[in-house]
Amino acid sequence: MPKLVTFIEKEFILNQVQKTGSRVVVFGSGKSLDGRLKCFDKETLVLTTTAQGAEAFKSWDVVSVFLSYQSQRVTFPGKVKKISGGELVIGLPEQLIKAPQRKAVRVPPPKDMRLEFFLQNERIRIDCPESSEYAELEMPALSVGFDTGTISGLLESFKEKASTMYARSGIVMFNKNRRPESVEERLISEIGRTLLVPSTNSPLPAADPYPDGRIITQSMADAFEGPTVFLEGSALERSRAEKTAAGIVSELYCPILYYQYVVGYVYLMNDEERKTCLDYRTVDFAWEFSHILAYSLKVNNYFKLDDDYVADPYKPQVVDLSAGGCLLSMPKSTFKVKLQSGSVLDINISRDDAADSVTMKGRVARKFDDRDNEYYGVAFLNAEQDALVELRKSLYADDSSRFACDEATLEL
């Protein structure tokens with residue numbers, strides 16, 4: 001993650017850039033300029049440049065600004081507030097960013113540019129529950145020592161290893177005749193994450209320690225049950241009480257995710273026979289096995305493709321874009337599936353006045369959210385040179401290598 005410039009650093013750097021007359025570079029969609037910092041206050045800065053350079057910009061253009069002092073490289077997004085002759089007034093945000101040295105400078109997308117994407121699962125139609133989580137089908141890093149040679153070998157090694165650690169283990173597969181029944185099955189099928197019950201006498205974990213999000217917290221379970229808990233009580237709490245009475249000490253339900261489909265789950269349990277409470281080591285064990293199994297099902301064509309199915313593309317808002325990647329925004333109200341880091345997208349970028357579109361793949365490298373939107377930072381994967389040339393022409397001035405360079409070598 002990029003580091004923020006402190007308030008003291010911000011004033012010092014801007015003062016030094018102004019005193020020394022250091023070069024400031026401003027990037028817009030398909031345009032750029034060099035300037036010098038004339039003055040600044042808490043909300044704006046004023047750059048002097050050539051009248052011709054300033055004329056390329058318009059009020060309210062979104063821009064990316066780069067400056068530096070003594071190798072302290074800084075960037076920030078801003079909006080052009082006013083243009084007067086050779087002067088450009090740009091809004092100054094509260095926080096500046098120490099340049100993260102990306103492989104290509106990010107700029108706001110041109111207004112007539114459209115970006116659409118498809119997920120890798122578009123031709124998969126499975127009669128199983130669909131969760132709100134979407135995971136890529138890839139072989140995980142191996143640490144437990146499962147036999148990955150064949151599916152039968154994988155299942156046998158799971159059974160053998162689980163028998164030495166847990167009182168009971170099993171795999172349940174869903175299909176059109178076997179739907180989620182219990183509250184635990186419905187919960188993991190809806191959310192697509194692991195339900196860890198460390199103790200049937202205690203609530204679920206209050207926080208998820210996994211950066212990529214793996215477990216169902218108590219607040220997520222409460223939201224799933226909704227306001228009916230005030231009238232009927234919690235079905236999950238009733239289930240835990242029944243299991244305590246039956247001698248169950250601790251248990252885990254780990255969904256087997258095939259893209260967003262929950263095709264089954266891994267079940268692990270300890271009872272009076274083995275009273276050890278399950279913990280995050282159990283989560284890791286079940287998570288690794290479930291991902292290996294899902295990947296093996298894909299490799300062995302367990303689920304067939306529907307070649308006649310034509311999917312509608314997803315149409316996100318593009319926050320910014322570069323020759324190396326983009327930042328996408330999707331409203332939570334309409335985009336129900338949450339993409340996990342590592343998800344691969346088939347991307348199509350087009351413009352109103354262009355006959356051809358640019359197609360490439362991208363991988364979700366980071367994600368975050370606010371109250372209304374999910375944000376995904378996407379890195380482009382092995383894009384063809386022709387596609388990159390067309391993209392650079394749309395984003396950078398004159399397709400110059402200077403304006404498509406990585407931030408580490410940008411001359412300031």
# chains A, B, ... in the order shown; residues from 1 in each chain; ligands from 1
>>> select_by_dssp(residues="stretch 184-332 of chain A", states="alpha helix (DSSP H)", output="mmCIF file with N, CA, C and O atoms, in the first residue's frame")
data_model
loop_
_atom_site.group_PDB
_atom_site.id
_atom_site.type_symbol
_atom_site.label_atom_id
_atom_site.label_comp_id
_atom_site.auth_asym_id
_atom_site.auth_seq_id
_atom_site.Cartn_x
_atom_site.Cartn_y
_atom_site.Cartn_z
ATOM 1 N N GLU A 184 -26.513 -23.793 9.399
ATOM 2 C CA GLU A 184 -25.089 -23.694 9.094
ATOM 3 C C GLU A 184 -24.841 -23.840 7.593
ATOM 4 O O GLU A 184 -24.038 -23.083 7.015
ATOM 5 N N GLU A 185 -25.524 -24.789 6.948
ATOM 6 C CA GLU A 185 -25.359 -24.981 5.505
ATOM 7 C C GLU A 185 -25.863 -23.775 4.730
ATOM 8 O O GLU A 185 -25.250 -23.342 3.747
ATOM 9 N N ARG A 186 -26.983 -23.217 5.155
ATOM 10 C CA ARG A 186 -27.524 -22.042 4.461
ATOM 11 C C ARG A 186 -26.621 -20.831 4.653
ATOM 12 O O ARG A 186 -26.467 -20.010 3.738
ATOM 13 N N LEU A 187 -26.018 -20.728 5.816
ATOM 14 C CA LEU A 187 -25.129 -19.599 6.112
ATOM 15 C C LEU A 187 -23.884 -19.619 5.235
ATOM 16 O O LEU A 187 -23.530 -18.608 4.606
ATOM 17 N N ILE A 188 -23.195 -20.759 5.156
ATOM 18 C CA ILE A 188 -21.971 -20.808 4.341
ATOM 19 C C ILE A 188 -22.298 -20.724 2.853
ATOM 20 O O ILE A 188 -21.486 -20.229 2.056
ATOM 21 N N SER A 189 -23.490 -21.177 2.442
ATOM 22 C CA SER A 189 -23.874 -21.107 1.029
ATOM 23 C C SER A 189 -24.187 -19.686 0.609
ATOM 24 O O SER A 189 -23.967 -19.297 -0.542
ATOM 25 N N GLU A 190 -24.683 -18.892 1.520
ATOM 26 C CA GLU A 190 -24.998 -17.495 1.228
ATOM 27 C C GLU A 190 -23.742 -16.640 1.215
ATOM 28 O O GLU A 190 -23.532 -15.821 0.316
ATOM 29 N N ILE A 191 -22.882 -16.817 2.200
ATOM 30 C CA ILE A 191 -21.727 -15.933 2.369
ATOM 31 C C ILE A 191 -20.491 -16.461 1.646
ATOM 32 O O ILE A 191 -19.654 -15.687 1.182
ATOM 33 N N GLN A 218 -19.306 -13.115 13.885
ATOM 34 C CA GLN A 218 -20.600 -13.081 14.551
ATOM 35 C C GLN A 218 -21.503 -12.019 13.925
ATOM 36 O O GLN A 218 -22.707 -12.249 13.743
ATOM 37 N N SER A 219 -20.936 -10.870 13.567
ATOM 38 C CA SER A 219 -21.759 -9.812 12.970
ATOM 39 C C SER A 219 -22.300 -10.230 11.603
ATOM 40 O O SER A 219 -23.426 -9.882 11.237
ATOM 41 N N MET A 220 -21.520 -10.995 10.831
ATOM 42 C CA MET A 220 -21.988 -11.483 9.539
ATOM 43 C C MET A 220 -23.127 -12.487 9.730
ATOM 44 O O MET A 220 -24.105 -12.474 8.976
ATOM 45 N N ALA A 221 -23.004 -13.335 10.743
ATOM 46 C CA ALA A 221 -24.071 -14.302 11.022
ATOM 47 C C ALA A 221 -25.340 -13.598 11.476
ATOM 48 O O ALA A 221 -26.452 -13.970 11.072
ATOM 49 N N ASP A 222 -25.188 -12.546 12.291
ATOM 50 C CA ASP A 222 -26.354 -11.774 12.747
ATOM 51 C C ASP A 222 -27.053 -11.113 11.572
ATOM 52 O O ASP A 222 -28.292 -11.104 11.491
ATOM 53 N N ALA A 223 -26.255 -10.555 10.644
ATOM 54 C CA ALA A 223 -26.844 -9.907 9.469
ATOM 55 C C ALA A 223 -27.566 -10.924 8.593
ATOM 56 O O ALA A 223 -28.608 -10.628 7.995
ATOM 57 N N PHE A 224 -27.028 -12.132 8.504
ATOM 58 C CA PHE A 224 -27.661 -13.196 7.716
ATOM 59 C C PHE A 224 -29.029 -13.561 8.295
ATOM 60 O O PHE A 224 -30.011 -13.726 7.563
ATOM 61 N N GLU A 225 -29.111 -13.692 9.601
ATOM 62 C CA GLU A 225 -30.386 -14.077 10.227
ATOM 63 C C GLU A 225 -31.393 -12.935 10.215
ATOM 64 O O GLU A 225 -32.600 -13.178 10.184
ATOM 65 N N THR A 228 -35.494 -11.297 12.189
ATOM 66 C CA THR A 228 -36.319 -12.382 12.734
ATOM 67 C C THR A 228 -35.798 -12.863 14.085
ATOM 68 O O THR A 228 -36.551 -13.474 14.852
ATOM 69 N N VAL A 229 -34.492 -12.597 14.372
ATOM 70 C CA VAL A 229 -33.944 -13.038 15.662
ATOM 71 C C VAL A 229 -34.663 -12.378 16.829
ATOM 72 O O VAL A 229 -34.721 -12.937 17.931
ATOM 73 N N PHE A 230 -35.216 -11.167 16.596
ATOM 74 C CA PHE A 230 -35.912 -10.478 17.688
ATOM 75 C C PHE A 230 -37.269 -11.111 17.967
ATOM 76 O O PHE A 230 -37.804 -10.993 19.077
ATOM 77 N N LEU A 231 -37.841 -11.783 16.973
ATOM 78 C CA LEU A 231 -39.146 -12.414 17.145
ATOM 79 C C LEU A 231 -39.030 -13.899 17.455
ATOM 80 O O LEU A 231 -39.755 -14.429 18.314
ATOM 81 N N GLU A 232 -38.112 -14.564 16.772
ATOM 82 C CA GLU A 232 -38.022 -16.020 16.884
ATOM 83 C C GLU A 232 -36.759 -16.498 17.594
ATOM 84 O O GLU A 232 -36.621 -17.692 17.869
ATOM 85 N N ALA A 235 -31.559 -18.854 15.158
ATOM 86 C CA ALA A 235 -31.524 -20.269 14.786
ATOM 87 C C ALA A 235 -30.133 -20.850 15.001
ATOM 88 O O ALA A 235 -29.982 -22.023 15.368
ATOM 89 N N LEU A 236 -29.099 -20.030 14.802
ATOM 90 C CA LEU A 236 -27.734 -20.501 14.978
ATOM 91 C C LEU A 236 -27.450 -20.783 16.455
ATOM 92 O O LEU A 236 -26.805 -21.781 16.796
ATOM 93 N N GLU A 237 -27.944 -19.914 17.337
ATOM 94 C CA GLU A 237 -27.752 -20.153 18.769
ATOM 95 C C GLU A 237 -28.511 -21.396 19.229
ATOM 96 O O GLU A 237 -28.011 -22.174 20.057
ATOM 97 N N ARG A 238 -29.715 -21.592 18.718
ATOM 98 C CA ARG A 238 -30.477 -22.796 19.076
ATOM 99 C C ARG A 238 -29.737 -24.050 18.613
ATOM 100 O O ARG A 238 -29.685 -25.062 19.316
ATOM 101 N N SER A 239 -29.156 -23.972 17.404
ATOM 102 C CA SER A 239 -28.413 -25.113 16.885
ATOM 103 C C SER A 239 -27.197 -25.413 17.760
ATOM 104 O O SER A 239 -26.903 -26.582 18.059
ATOM 105 N N ARG A 240 -26.480 -24.369 18.192
ATOM 106 C CA ARG A 240 -25.312 -24.574 19.050
ATOM 107 C C ARG A 240 -25.720 -25.197 20.378
ATOM 108 O O ARG A 240 -25.023 -26.063 20.913
ATOM 109 N N ALA A 241 -26.838 -24.746 20.924
ATOM 110 C CA ALA A 241 -27.307 -25.301 22.199
ATOM 111 C C ALA A 241 -27.648 -26.779 22.057
ATOM 112 O O ALA A 241 -27.320 -27.605 22.937
ATOM 113 N N GLU A 242 -28.276 -27.146 20.945
ATOM 114 C CA GLU A 242 -28.612 -28.553 20.706
ATOM 115 C C GLU A 242 -27.348 -29.398 20.572
ATOM 116 O O GLU A 242 -27.290 -30.550 21.047
ATOM 117 N N LYS A 243 -26.318 -28.827 19.924
ATOM 118 C CA LYS A 243 -25.078 -29.572 19.733
ATOM 119 C C LYS A 243 -24.306 -29.707 21.037
ATOM 120 O O LYS A 243 -23.655 -30.734 21.280
ATOM 121 N N THR A 244 -24.378 -28.688 21.876
ATOM 122 C CA THR A 244 -23.751 -28.801 23.198
ATOM 123 C C THR A 244 -24.380 -29.946 23.978
ATOM 124 O O THR A 244 -23.688 -30.755 24.609
ATOM 125 N N ALA A 245 -25.713 -30.019 23.920
ATOM 126 C CA ALA A 245 -26.428 -31.088 24.620
ATOM 127 C C ALA A 245 -26.067 -32.458 24.052
ATOM 128 O O ALA A 245 -26.098 -33.470 24.775
ATOM 129 N N TYR A 280 -7.733 -21.648 14.110
ATOM 130 C CA TYR A 280 -7.416 -21.201 12.752
ATOM 131 C C TYR A 280 -6.524 -22.188 12.006
ATOM 132 O O TYR A 280 -6.469 -22.164 10.775
ATOM 133 N N ARG A 281 -5.849 -23.072 12.733
ATOM 134 C CA ARG A 281 -5.095 -24.128 12.044
ATOM 135 C C ARG A 281 -6.052 -25.081 11.320
ATOM 136 O O ARG A 281 -5.738 -25.588 10.240
ATOM 137 N N THR A 282 -7.215 -25.286 11.928
ATOM 138 C CA THR A 282 -8.239 -26.105 11.276
ATOM 139 C C THR A 282 -8.786 -25.397 10.048
ATOM 140 O O THR A 282 -9.055 -26.029 9.014
ATOM 141 N N VAL A 283 -8.970 -24.074 10.151
ATOM 142 C CA VAL A 283 -9.421 -23.288 8.997
ATOM 143 C C VAL A 283 -8.431 -23.441 7.847
ATOM 144 O O VAL A 283 -8.819 -23.678 6.695
ATOM 145 N N ASP A 284 -7.136 -23.325 8.141
ATOM 146 C CA ASP A 284 -6.105 -23.451 7.102
ATOM 147 C C ASP A 284 -6.142 -24.844 6.459
ATOM 148 O O ASP A 284 -6.000 -24.976 5.235
ATOM 149 N N PHE A 285 -6.298 -25.868 7.287
ATOM 150 C CA PHE A 285 -6.349 -27.249 6.805
ATOM 151 C C PHE A 285 -7.514 -27.448 5.837
ATOM 152 O O PHE A 285 -7.341 -27.959 4.719
ATOM 153 N N ALA A 286 -8.706 -27.020 6.260
ATOM 154 C CA ALA A 286 -9.898 -27.213 5.429
ATOM 155 C C ALA A 286 -9.866 -26.322 4.192
ATOM 156 O O ALA A 286 -10.282 -26.737 3.100
ATOM 157 N N TRP A 287 -9.366 -25.088 4.346
ATOM 158 C CA TRP A 287 -9.305 -24.141 3.220
ATOM 159 C C TRP A 287 -8.400 -24.690 2.120
ATOM 160 O O TRP A 287 -8.756 -24.659 0.938
ATOM 161 N N GLU A 288 -7.220 -25.191 2.497
ATOM 162 C CA GLU A 288 -6.292 -25.716 1.499
ATOM 163 C C GLU A 288 -6.905 -26.911 0.777
ATOM 164 O O GLU A 288 -6.852 -27.005 -0.450
ATOM 165 N N PHE A 289 -7.494 -27.833 1.536
ATOM 166 C CA PHE A 289 -8.087 -29.007 0.913
ATOM 167 C C PHE A 289 -9.225 -28.618 -0.022
ATOM 168 O O PHE A 289 -9.325 -29.141 -1.143
ATOM 169 N N SER A 290 -10.114 -27.720 0.414
ATOM 170 C CA SER A 290 -11.270 -27.348 -0.410
ATOM 171 C C SER A 290 -10.834 -26.700 -1.717
ATOM 172 O O SER A 290 -11.450 -26.920 -2.766
ATOM 173 N N HIS A 291 -9.753 -25.903 -1.685
ATOM 174 C CA HIS A 291 -9.274 -25.253 -2.905
ATOM 175 C C HIS A 291 -8.594 -26.253 -3.841
ATOM 176 O O HIS A 291 -8.717 -26.143 -5.062
ATOM 177 N N ILE A 292 -7.862 -27.202 -3.278
ATOM 178 C CA ILE A 292 -7.266 -28.248 -4.119
ATOM 179 C C ILE A 292 -8.362 -29.072 -4.783
ATOM 180 O O ILE A 292 -8.293 -29.391 -5.979
ATOM 181 N N LEU A 293 -9.400 -29.405 -4.025
ATOM 182 C CA LEU A 293 -10.498 -30.204 -4.571
ATOM 183 C C LEU A 293 -11.223 -29.446 -5.684
ATOM 184 O O LEU A 293 -11.507 -30.016 -6.749
ATOM 185 N N ALA A 294 -11.521 -28.159 -5.464
ATOM 186 C CA ALA A 294 -12.207 -27.371 -6.488
ATOM 187 C C ALA A 294 -11.360 -27.285 -7.756
ATOM 188 O O ALA A 294 -11.866 -27.422 -8.878
ATOM 189 N N TYR A 295 -10.051 -27.069 -7.598
ATOM 190 C CA TYR A 295 -9.159 -26.995 -8.757
ATOM 191 C C TYR A 295 -9.122 -28.343 -9.491
ATOM 192 O O TYR A 295 -9.134 -28.392 -10.725
ATOM 193 N N SER A 296 -9.095 -29.441 -8.732
ATOM 194 C CA SER A 296 -9.072 -30.781 -9.339
ATOM 195 C C SER A 296 -10.357 -31.057 -10.114
ATOM 196 O O SER A 296 -10.326 -31.681 -11.181
ATOM 197 N N LEU A 297 -11.492 -30.577 -9.590
ATOM 198 C CA LEU A 297 -12.762 -30.746 -10.305
ATOM 199 C C LEU A 297 -12.720 -30.008 -11.646
ATOM 200 O O LEU A 297 -13.223 -30.502 -12.656
ATOM 201 N N LYS A 298 -12.103 -28.830 -11.649
ATOM 202 C CA LYS A 298 -11.987 -28.068 -12.901
ATOM 203 C C LYS A 298 -11.083 -28.799 -13.899
ATOM 204 O O LYS A 298 -11.439 -28.965 -15.072
ATOM 205 N N VAL A 299 -9.919 -29.240 -13.445
ATOM 206 C CA VAL A 299 -8.951 -29.909 -14.318
ATOM 207 C C VAL A 299 -9.550 -31.168 -14.928
ATOM 208 O O VAL A 299 -9.287 -31.514 -16.088
#
>>> residues_around(residues="A:Gly324", least_positions_apart="3", cutoff="8 Å", atoms="only C-alpha atoms", output="PyMOL selection string")
chain A and resi 103-104+321+379-380
>>> residues_around(residues="A:Asp352", least_positions_apart="5", cutoff="10 Å", atoms="only C-alpha atoms", output="MDAnalysis selection string")
chainID A and resid 111:114 357
>>> closest_residue(among="A:Met139, A:Leu155, A:Leu328, A:Cys128", to="A:Pro255", atoms="only C-alpha atoms")
A:Cys128
>>> atom_distance(atom1="atom CA of A:Val105", atom2="atom CA of A:Ser322")
5.9 Å
>>> closest_residue(among="A:Thr48, A:Ser84, A:Thr6, A:Gln120", to="A:Gly342", atoms="only C-alpha atoms")
A:Gln120
>>> closest_residue(among="A:Tyr253, A:Ile171, A:Glu374, A:Gly247", to="A:Lys159", atoms="only C-alpha atoms")
A:Ile171
